[in-house]
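Read the structure below first, then the notes.
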Amino acid sequence: MNHIAVGIGEVLWDIFPNRRTIGGAPANFAYHTAQLGLNSYIVSAVGNDVLGEEAERVLKSKGIESRILRTDYPTGTVMISLDKQGVPRYDFQEQAAWDNITFNDEVARLAKHTNIVCFGSLAQRNIKSRNAIYQFLKTMPDTDNTFKVFDINLRQKIFSKELIHDSLLLCNILKINDEELDTVSKMFDIGTCSPQKQCVALLKQYNLKMIILTCGTNGSYVVMPESVSFQATPETEVADTVGAGDAFTATFCSALCYKKSVSEAHRLAVDISAYICSQHGSMPTIPDELKHKITQ
């Protein structure tokens with residue numbers, strides 16, 4: 001395949017009570033698209049420190065190409081605690097390397113050939129990284145087969161109405177969960193109608209291809225202008241849910257690249273997301289039998 005998938009934003013170390021793993025939503029996205037056969041890159045920044053060196057080494061070992069700037073800021077970390085259901089709480093380090101992503105000539109060349117990009121709100125907390133992300137999105141080709149996914153990931157009030165509005169103007173697919181949809185709907189005065197109607201209102205307002213709405217155990221939807229796909233959430237013994245949403249997004253986009261229908265891509269995304277929930281950490285290996293359902 002010649003599809004190029006990019007995760008742009010934070011690269012950081014997930015610090016659990018008993019272990020440390022490489023993570024960050026864009027890195028998770030790139031890892032899973034790489035597993036599914038796409039040419040995958042991460043665009044970010046790490047520090048001139050031991051954690052930065054280790055991060056680059058680990059990402060390379062996982063088959064992810066990188067366009068990672070070295071900075072004098074420390075490599076990012078996030079302290080993660082899990083509740084009894086395996087749902088994480090995040091405490092992000094301030095002034096991290098990934099707050100200082102640069103849009104340089106090498107990144108610009110990558111953007112011109114990128115078919116799929118995934119970005120969120122967290123890496124936009126600093127204006128420097130925000131500008132780099134926006135430049136990347138504006139430099140990408142604008143075709144029917146270009147997917148610019150805003151996986152909104154609202155964290156710790158690190159967002160604003162302006163940031164969300166600007167990101168929605170630059171994306172063509174929005175990935176959002178039910179709690180985030182409630183926040184965004186209130187922010188944009190959409191009202192208290194059903195979640196599907198809220199999604200339709202956002203689709204029309206921002207001329208999006210589709211909105212992926214995840215509702216935890218209550219299933220997920222892909223809302224498009226003319227149709228809606230629904231998938232129930234499988235019963236799964238949850239180890240933790242860290243990275244499950246990123247795997248969902250990566251699988252959905254990858255499946256579309258393999259010419260699966262939206263409903264097929266949705267079902268496959270749910271299956272792999274459920275598998276990720278059954279494993280510890282955000283970057284487990286996807287079993288071959290699940291990969292083959294997408295790539296064959």
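Residue numbering restarts at 1 in every chain; chains get A, B, ... in the order shown in the structure tokens, and ligands count up from 1 in that same order.
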| message | Would you pick out the contacts of Arg109 in chain A at 10 Å or less, using only C-alpha atoms, so that residues sharing its chain but fewer than 6 positions from it are not included, and give the list as a PyMOL selection string? | response | chain A and resi 136+139-140
I'd like a table as CSV: residues in range 39-115 of chain A with an atom no more than 9 Å from range 156-163 of chain A, each row giving the shortest atom pair and its distance in Å to one decimal, only C-alpha atoms counted, sorted by chain and rising residue number.
```
residue,atom,partner,partner_atom,distance
A:Tyr90,CA,A:Gln156,CA,8.2
A:Asp91,CA,A:Gln156,CA,8.3
A:Phe92,CA,A:Gln156,CA,8.9
```
Would you save the residues from that selection as a short mmCIF file (atom, residue, chain, number, x, y, z; two decimals), in the first residue's frame, using N, CA, C and O atoms?
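result_28.cif, written as the output of this step:
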```cif
data_model
loop_
_atom_site.label_atom_id
_atom_site.label_comp_id
_atom_site.auth_asym_id
_atom_site.auth_seq_id
_atom_site.Cartn_x
_atom_site.Cartn_y
_atom_site.Cartn_z
N TYR A 90 -5.65 11.23 33.77
CA TYR A 90 -4.36 11.69 33.27
C TYR A 90 -3.91 12.96 33.98
O TYR A 90 -4.70 13.87 34.20
N ASP A 91 -2.61 13.00 34.31
CA ASP A 91 -2.01 14.20 34.88
C ASP A 91 -0.78 14.55 34.03
O ASP A 91 0.29 13.95 34.18
N PHE A 92 -0.93 15.51 33.13
CA PHE A 92 0.10 15.81 32.14
C PHE A 92 1.15 16.77 32.67
O PHE A 92 0.83 17.75 33.35
#
```
Using only C-alpha atoms, I'd like a table of the residues in range 194-280 of chain A that come within 10 Å of range 174-180 of chain A; for each, show the closest atom pair and its distance in Å rounded to one decimal, ordered by chain and ascending number, as JSON lines.
```
{"residue": "A:Pro195", "atom": "CA", "partner": "A:Asp178", "partner_atom": "CA", "distance": 7.5}
{"residue": "A:Cys199", "atom": "CA", "partner": "A:Leu174", "partner_atom": "CA", "distance": 9.5}
{"residue": "A:Leu202", "atom": "CA", "partner": "A:Leu174", "partner_atom": "CA", "distance": 9.3}
{"residue": "A:Leu203", "atom": "CA", "partner": "A:Leu174", "partner_atom": "CA", "distance": 8.9}
{"residue": "A:Leu208", "atom": "CA", "partner": "A:Leu174", "partner_atom": "CA", "distance": 7.6}
{"residue": "A:Lys209", "atom": "CA", "partner": "A:Leu174", "partner_atom": "CA", "distance": 8.6}
{"residue": "A:Met210", "atom": "CA", "partner": "A:Leu174", "partner_atom": "CA", "distance": 6.7}
{"residue": "A:Ile211", "atom": "CA", "partner": "A:Leu174", "partner_atom": "CA", "distance": 4.8}
{"residue": "A:Ile212", "atom": "CA", "partner": "A:Lys175", "partner_atom": "CA", "distance": 4.6}
{"residue": "A:Leu213", "atom": "CA", "partner": "A:Ile176", "partner_atom": "CA", "distance": 5.2}
{"residue": "A:Thr214", "atom": "CA", "partner": "A:Asn177", "partner_atom": "CA", "distance": 4.6}
{"residue": "A:Cys215", "atom": "CA", "partner": "A:Asp178", "partner_atom": "CA", "distance": 5.2}
{"residue": "A:Gly216", "atom": "CA", "partner": "A:Asn177", "partner_atom": "CA", "distance": 7.9}
{"residue": "A:Asn218", "atom": "CA", "partner": "A:Asp178", "partner_atom": "CA", "distance": 9.8}
{"residue": "A:Ser220", "atom": "CA", "partner": "A:Asn177", "partner_atom": "CA", "distance": 8.7}
{"residue": "A:Tyr221", "atom": "CA", "partner": "A:Asn177", "partner_atom": "CA", "distance": 9.9}
{"residue": "A:Val222", "atom": "CA", "partner": "A:Lys175", "partner_atom": "CA", "distance": 9.1}
{"residue": "A:Val223", "atom": "CA", "partner": "A:Leu174", "partner_atom": "CA", "distance": 9.9}
{"residue": "A:Gly245", "atom": "CA", "partner": "A:Lys175", "partner_atom": "CA", "distance": 9.1}
{"residue": "A:Asp246", "atom": "CA", "partner": "A:Lys175", "partner_atom": "CA", "distance": 9.8}
{"residue": "A:Phe248", "atom": "CA", "partner": "A:Lys175", "partner_atom": "CA", "distance": 9.8}
{"residue": "A:Thr249", "atom": "CA", "partner": "A:Lys175", "partner_atom": "CA", "distance": 7.7}
```
Taking C-alpha atoms for each residue, export the selection above as a PDB file, in the first residue's frame.
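Output (result_32.pdb):
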```pdb
ATOM      1  CA  PRO A 195     -26.721  12.891  20.255  1.00  0.00           C
ATOM      2  CA  CYS A 199     -23.848  15.284  15.338  1.00  0.00           C
ATOM      3  CA  LEU A 202     -22.085  19.782  13.603  1.00  0.00           C
ATOM      4  CA  LEU A 203     -21.831  17.966  10.260  1.00  0.00           C
ATOM      5  CA  LEU A 208     -17.705  17.284   7.615  1.00  0.00           C
ATOM      6  CA  LYS A 209     -17.615  13.905   5.846  1.00  0.00           C
ATOM      7  CA  MET A 210     -18.654  12.112   9.027  1.00  0.00           C
ATOM      8  CA  ILE A 211     -18.621  12.129  12.824  1.00  0.00           C
ATOM      9  CA  ILE A 212     -17.517   9.076  14.783  1.00  0.00           C
ATOM     10  CA  LEU A 213     -19.352   9.076  18.120  1.00  0.00           C
ATOM     11  CA  THR A 214     -18.323   6.588  20.800  1.00  0.00           C
ATOM     12  CA  CYS A 215     -20.604   6.004  23.786  1.00  0.00           C
ATOM     13  CA  GLY A 216     -18.681   3.513  25.928  1.00  0.00           C
ATOM     14  CA  ASN A 218     -23.703   1.965  24.837  1.00  0.00           C
ATOM     15  CA  SER A 220     -20.790   3.747  18.769  1.00  0.00           C
ATOM     16  CA  TYR A 221     -22.088   5.587  15.720  1.00  0.00           C
ATOM     17  CA  VAL A 222     -20.689   6.862  12.449  1.00  0.00           C
ATOM     18  CA  VAL A 223     -22.958   9.723  11.483  1.00  0.00           C
ATOM     19  CA  GLY A 245      -9.942   5.012  21.152  1.00  0.00           C
ATOM     20  CA  ASP A 246      -6.734   5.582  19.178  1.00  0.00           C
ATOM     21  CA  PHE A 248     -10.469   2.499  16.929  1.00  0.00           C
ATOM     22  CA  THR A 249      -9.552   5.561  14.842  1.00  0.00           C
TER      23      THR A 249
END
```
| request: Return as a list of chain:residue names the full set of residues in range 15-58 of chain A whose backbone-based DSSP assignment is strand (DSSP E or B). | output: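 Assigned to strand (DSSP E or B), within range 15-58 of chain A: A:Ile15, A:Arg20, A:Thr21, A:Ile22, A:Gly23, A:Asn39, A:Ser40, A:Tyr41, A:Ile42, A:Val43, A:Ser44, A:Ala45, A:Val46, A:Gly47.
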| Nearest to Gly9 in chain A among A:Cys118, A:Leu170, A:Ile64, A:Ala108, with distances taken over only C-alpha atoms: which residue is it? |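 Closest residue, counting only C-alpha atoms: A:Cys118.
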